[in-house]
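Trainee: Got a structure here, written out as structure tokens. Questions coming.
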Amino acid sequence: MIEKSEENTNKSNTTFSKEVIDLWNPSDLEVAKFERILTPKWKNKWAESKIIHGKKILDEIPFQSRWKVLEIGCGIGRLVSEFSKTFDFVEGVDFSESMIAFTNEYLKDYENCKVHLNNGIDLSNLHSNKYDFVYSMITFQHIDSKQVIESYIGEIHRVLKKSGYIKLQFMTPSLNSMKDWGTRRGYDFRSNEELLELFSDFNVELEIDPTQEKWIWVRGQV
Ligand SMILES: C[S@@+](CC[C@H](N)C(=O)[O-])C[C@H]1O[C@@H](n2cnc3c(N)ncnc32)[C@H](O)[C@@H]1O
């Protein structure tokens with residue numbers, strides 16, 4: 001079990017502030033769902049959100065049902081549960097003990113899903129060359145350290161199989177849309193080029209979402 005703050009470190013000595021740890025460890029499931037993961041406007045639309053966001057993630061990905069899939073920052077397993085219908089095996093990581101506890105309850109009847117508590121920095125508890133597809137949504141926008149984002153991208157490369165796919169959501173660079181987000185604020189990339197530089201080991205392109213211009217997706221392959 002990872003202790004909060006002091007032990008929540010890795011080789012890079014990155015630590016998370018108490019405010020960040022507290023933010024992502026809500027004790028109430030409704031707060032987790034509609035204040036941390038989605039916004040209150042999604043109340044009564046949880047099931048719909050899974051379908052809409054699930055489709056967006058798989059858009060332009062030539063997926064196959066036999067794939068092993070991994071989510072970075074899985075929250076309470078909203079998308080893991082959605083993709084359990086599509087894929088043979090779906091896993092998730094999250095650095096929040098509360099979210100992982102909620103997920104284990106939420107996914108208790110799903111046999112093809114598994115979630116892992118990680119250190120918030122890397123995927124050192126996961127095997128190399130295991131996954132066909134790694135995705136992430138509404139997570140990198142909350143990570144305020146470029147070093148941590150870079151660490152995750154290197155780790156995603158490690159855990160993917162040869163020719164494995166990625167679909168990762170970020171905030172569109174240079175819009176400065178996170179300026180009032182306080183503790184939730186992630187690292188603000190200055191340009192698309194600065195973001196793409198992190199993917200030099202991948203073959204990727206950027207995808208703009210016309211329905212949500214604040215978001216940009218990195219889609220591609222190892
Ligand atoms: C807004 S929620 C999104 C959850 C899920 N992706 C979804 O769309 O339903 C963001 C999640 O990212 C997790 N998270 C934030 N920073 C993280 C980090 N450095 N490493 C792993 N998980 C992180 C939080 O604990 C939270 O569960």
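Each chain in the structure tokens gets a letter, A, B, ..., in the order shown, and its residues are numbered from 1; ligands are numbered from 1 in order too.
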Kindly work out which residues sit at most 9 Å from ligand 1, using only C-alpha atoms and all ligand atoms, and give the list as a PyMOL selection string.
Mentor: chain A and resi 16+20-21+23-25+32-33+35-38+49-50+53+71-80+93-100+117-122+135-145+148-149+152+184+186
Trainee: Would you please give, as a PyMOL selection string, all residues of range 31-125 of chain A that DSSP assigns to helix (DSSP H, G or I) based on the backbone?
Mentor: chain A and resi 31-37+40-42+46-58+78-83+97-106
Trainee: Could you take the residues named above and write them with C-alpha atoms, as a compact mmCIF listing (two decimals), in the first residue's frame?
Mentor:
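Result went into out.txt, see below:
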# COMPACT_ATOMS: atom_id res chain seq x y z
CA VAL A 31 -18.32 13.69 -5.19
CA ALA A 32 -15.91 11.38 -7.00
CA LYS A 33 -18.30 10.94 -9.93
CA PHE A 34 -19.69 14.44 -10.40
CA GLU A 35 -17.09 16.79 -8.92
CA ARG A 36 -13.81 15.04 -9.60
CA ILE A 37 -14.38 12.87 -12.66
CA PRO A 40 -22.45 18.27 -12.09
CA LYS A 41 -24.03 18.77 -15.54
CA TRP A 42 -23.49 15.03 -16.11
CA TRP A 46 -23.34 8.80 -16.24
CA ALA A 47 -24.29 5.90 -18.55
CA GLU A 48 -24.51 8.24 -21.54
CA SER A 49 -21.08 9.71 -20.73
CA LYS A 50 -19.54 6.25 -20.95
CA ILE A 51 -20.92 5.70 -24.45
CA ILE A 52 -20.02 9.19 -25.75
CA HIS A 53 -16.49 9.18 -24.35
CA GLY A 54 -15.91 5.52 -25.20
CA LYS A 55 -16.75 6.24 -28.86
CA LYS A 56 -14.47 9.28 -28.91
CA ILE A 57 -11.53 7.26 -27.57
CA LEU A 58 -11.95 4.52 -30.17
CA ARG A 78 -16.17 4.54 -15.76
CA LEU A 79 -14.37 3.80 -19.05
CA VAL A 80 -12.81 0.52 -17.93
CA SER A 81 -16.35 -0.82 -17.43
CA GLU A 82 -17.47 0.55 -20.81
CA PHE A 83 -14.55 -1.09 -22.60
CA GLU A 97 -6.48 5.01 -3.04
CA SER A 98 -10.12 6.22 -2.85
CA MET A 99 -10.66 5.96 -6.60
CA ILE A 100 -9.15 2.47 -6.68
CA ALA A 101 -11.35 1.41 -3.73
CA PHE A 102 -14.45 2.79 -5.51
CA THR A 103 -13.38 1.02 -8.71
CA ASN A 104 -12.96 -2.32 -7.02
CA GLU A 105 -16.55 -2.02 -5.79
CA TYR A 106 -17.84 -0.67 -9.14
Trainee: Please report, as a list in words, each residue of range 73-130 of chain A to which DSSP assigns strand (DSSP E) when run on this structure's backbone.
Mentor: Phe89, Val90, Glu91, Gly92, Val93, Asp94, Cys113, Lys114, Val115, His116 and Leu117 of chain A
Trainee: Store the residues picked out above in a file with N, CA and C atoms, as an mmCIF file, in the first residue's frame.
Mentor:
data_model
loop_
_atom_site.group_PDB
_atom_site.id
_atom_site.type_symbol
_atom_site.label_atom_id
_atom_site.label_comp_id
_atom_site.auth_asym_id
_atom_site.auth_seq_id
_atom_site.Cartn_x
_atom_site.Cartn_y
_atom_site.Cartn_z
ATOM 1 N N PHE A 89 -9.663 -7.874 -22.314
ATOM 2 C CA PHE A 89 -9.153 -7.583 -20.970
ATOM 3 C C PHE A 89 -8.829 -6.099 -20.850
ATOM 4 N N VAL A 90 -9.329 -5.467 -19.816
ATOM 5 C CA VAL A 90 -9.128 -4.032 -19.620
ATOM 6 C C VAL A 90 -8.561 -3.790 -18.224
ATOM 7 N N GLU A 91 -7.462 -3.028 -18.176
ATOM 8 C CA GLU A 91 -6.860 -2.682 -16.892
ATOM 9 C C GLU A 91 -6.793 -1.168 -16.758
ATOM 10 N N GLY A 92 -6.643 -0.713 -15.531
ATOM 11 C CA GLY A 92 -6.502 0.718 -15.291
ATOM 12 C C GLY A 92 -5.514 0.956 -14.174
ATOM 13 N N VAL A 93 -4.874 2.136 -14.197
ATOM 14 C CA VAL A 93 -4.057 2.551 -13.046
ATOM 15 C C VAL A 93 -4.556 3.907 -12.581
ATOM 16 N N ASP A 94 -4.414 4.136 -11.291
ATOM 17 C CA ASP A 94 -4.739 5.437 -10.715
ATOM 18 C C ASP A 94 -3.933 5.574 -9.436
ATOM 19 N N CYS A 113 -11.720 -7.238 -15.995
ATOM 20 C CA CYS A 113 -11.150 -5.922 -15.671
ATOM 21 C C CYS A 113 -10.301 -6.017 -14.407
ATOM 22 N N LYS A 114 -9.269 -5.171 -14.367
ATOM 23 C CA LYS A 114 -8.430 -5.130 -13.162
ATOM 24 C C LYS A 114 -7.846 -3.729 -13.034
ATOM 25 N N VAL A 115 -7.800 -3.205 -11.819
ATOM 26 C CA VAL A 115 -7.190 -1.887 -11.646
ATOM 27 C C VAL A 115 -6.050 -1.967 -10.628
ATOM 28 N N HIS A 116 -5.105 -1.036 -10.782
ATOM 29 C CA HIS A 116 -3.906 -1.043 -9.955
ATOM 30 C C HIS A 116 -3.689 0.348 -9.361
ATOM 31 N N LEU A 117 -3.316 0.389 -8.090
ATOM 32 C CA LEU A 117 -2.865 1.639 -7.477
ATOM 33 C C LEU A 117 -1.421 1.855 -7.913
#
Trainee: Using only C-alpha atoms, determine which residues lie at most 7 Å from range 160-167 of chain A, disregarding the query and same-chain residues fewer than 5 positions distant; provide the list as JSON, numbers by chain.
Mentor: {"A": [57, 128, 129, 130, 131, 132, 133, 134, 135, 136, 217, 218, 219, 220, 221, 222]}
Trainee: Keeping only N, CA and C atoms, take the residues you just selected and write them out as a PDB file, in the first residue's frame.
Mentor:
ATOM      1  N   ILE A  57     -12.855   7.877 -27.766  1.00  0.00           N
ATOM      2  CA  ILE A  57     -11.533   7.263 -27.571  1.00  0.00           C
ATOM      3  C   ILE A  57     -11.216   6.279 -28.704  1.00  0.00           C
ATOM      4  N   SER A 128       6.180  -5.110 -19.228  1.00  0.00           N
ATOM      5  CA  SER A 128       6.509  -4.562 -20.551  1.00  0.00           C
ATOM      6  C   SER A 128       5.803  -5.372 -21.638  1.00  0.00           C
ATOM      7  N   ASN A 129       5.625  -4.757 -22.799  1.00  0.00           N
ATOM      8  CA  ASN A 129       5.107  -5.436 -24.009  1.00  0.00           C
ATOM      9  C   ASN A 129       3.812  -6.203 -23.776  1.00  0.00           C
ATOM     10  N   LYS A 130       2.919  -5.651 -23.013  1.00  0.00           N
ATOM     11  CA  LYS A 130       1.708  -6.398 -22.654  1.00  0.00           C
ATOM     12  C   LYS A 130       0.452  -5.904 -23.374  1.00  0.00           C
ATOM     13  N   TYR A 131       0.347  -4.602 -23.615  1.00  0.00           N
ATOM     14  CA  TYR A 131      -0.933  -4.027 -24.045  1.00  0.00           C
ATOM     15  C   TYR A 131      -0.946  -3.705 -25.546  1.00  0.00           C
ATOM     16  N   ASP A 132      -2.153  -3.831 -26.121  1.00  0.00           N
ATOM     17  CA  ASP A 132      -2.341  -3.473 -27.532  1.00  0.00           C
ATOM     18  C   ASP A 132      -2.758  -2.011 -27.667  1.00  0.00           C
ATOM     19  N   PHE A 133      -3.307  -1.453 -26.600  1.00  0.00           N
ATOM     20  CA  PHE A 133      -3.869  -0.103 -26.667  1.00  0.00           C
ATOM     21  C   PHE A 133      -3.809   0.526 -25.277  1.00  0.00           C
ATOM     22  N   VAL A 134      -3.274   1.752 -25.219  1.00  0.00           N
ATOM     23  CA  VAL A 134      -3.284   2.523 -23.963  1.00  0.00           C
ATOM     24  C   VAL A 134      -4.013   3.838 -24.238  1.00  0.00           C
ATOM     25  N   TYR A 135      -4.972   4.167 -23.393  1.00  0.00           N
ATOM     26  CA  TYR A 135      -5.704   5.416 -23.567  1.00  0.00           C
ATOM     27  C   TYR A 135      -5.763   6.178 -22.244  1.00  0.00           C
ATOM     28  N   SER A 136      -6.052   7.468 -22.354  1.00  0.00           N
ATOM     29  CA  SER A 136      -6.221   8.275 -21.145  1.00  0.00           C
ATOM     30  C   SER A 136      -7.115   9.459 -21.471  1.00  0.00           C
ATOM     31  N   TRP A 217      -6.312  15.469 -28.825  1.00  0.00           N
ATOM     32  CA  TRP A 217      -6.004  14.051 -28.625  1.00  0.00           C
ATOM     33  C   TRP A 217      -4.735  13.698 -29.396  1.00  0.00           C
ATOM     34  N   VAL A 218      -3.893  12.923 -28.758  1.00  0.00           N
ATOM     35  CA  VAL A 218      -2.719  12.375 -29.440  1.00  0.00           C
ATOM     36  C   VAL A 218      -3.064  10.929 -29.789  1.00  0.00           C
ATOM     37  N   ARG A 219      -3.086  10.674 -31.091  1.00  0.00           N
ATOM     38  CA  ARG A 219      -3.462   9.336 -31.564  1.00  0.00           C
ATOM     39  C   ARG A 219      -2.311   8.757 -32.359  1.00  0.00           C
ATOM     40  N   GLY A 220      -1.986   7.511 -32.144  1.00  0.00           N
ATOM     41  CA  GLY A 220      -0.905   6.938 -32.946  1.00  0.00           C
ATOM     42  C   GLY A 220      -0.491   5.550 -32.501  1.00  0.00           C
ATOM     43  N   GLN A 221       0.725   5.243 -32.895  1.00  0.00           N
ATOM     44  CA  GLN A 221       1.226   3.876 -32.723  1.00  0.00           C
ATOM     45  C   GLN A 221       2.697   3.910 -32.346  1.00  0.00           C
ATOM     46  N   VAL A 222       3.139   2.845 -31.695  1.00  0.00           N
ATOM     47  CA  VAL A 222       4.575   2.701 -31.416  1.00  0.00           C
ATOM     48  C   VAL A 222       5.291   2.469 -32.726  1.00  0.00           C
TER      49      VAL A 222
END
Trainee: When you draw a straight line from CA of Glu194 in chain A to CA of Asp59 in chain A, how long is it in Å?
Mentor: 24.1 Å
Trainee: Kindly give the distance, in Å, that separates CA of Ile208 in chain A and CA of Thr183 in chain A, rounded to a single decimal.
Mentor: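 It comes out at 25.7 Å.
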Trainee: Could you tell me which of A:Arg66, A:Lys214, A:Arg158, A:Lys179 comes closest to Phe202 in chain A if we count only C-alpha atoms?
Mentor: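 Ranked by minimum distance to Phe202 in chain A, first place goes to A:Arg158.
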Trainee: Would you compute the distance between CA of Leu206 in chain A and CA of Lys85 in chain A? Give it in Å to one decimal.
Mentor: 27.0 Å
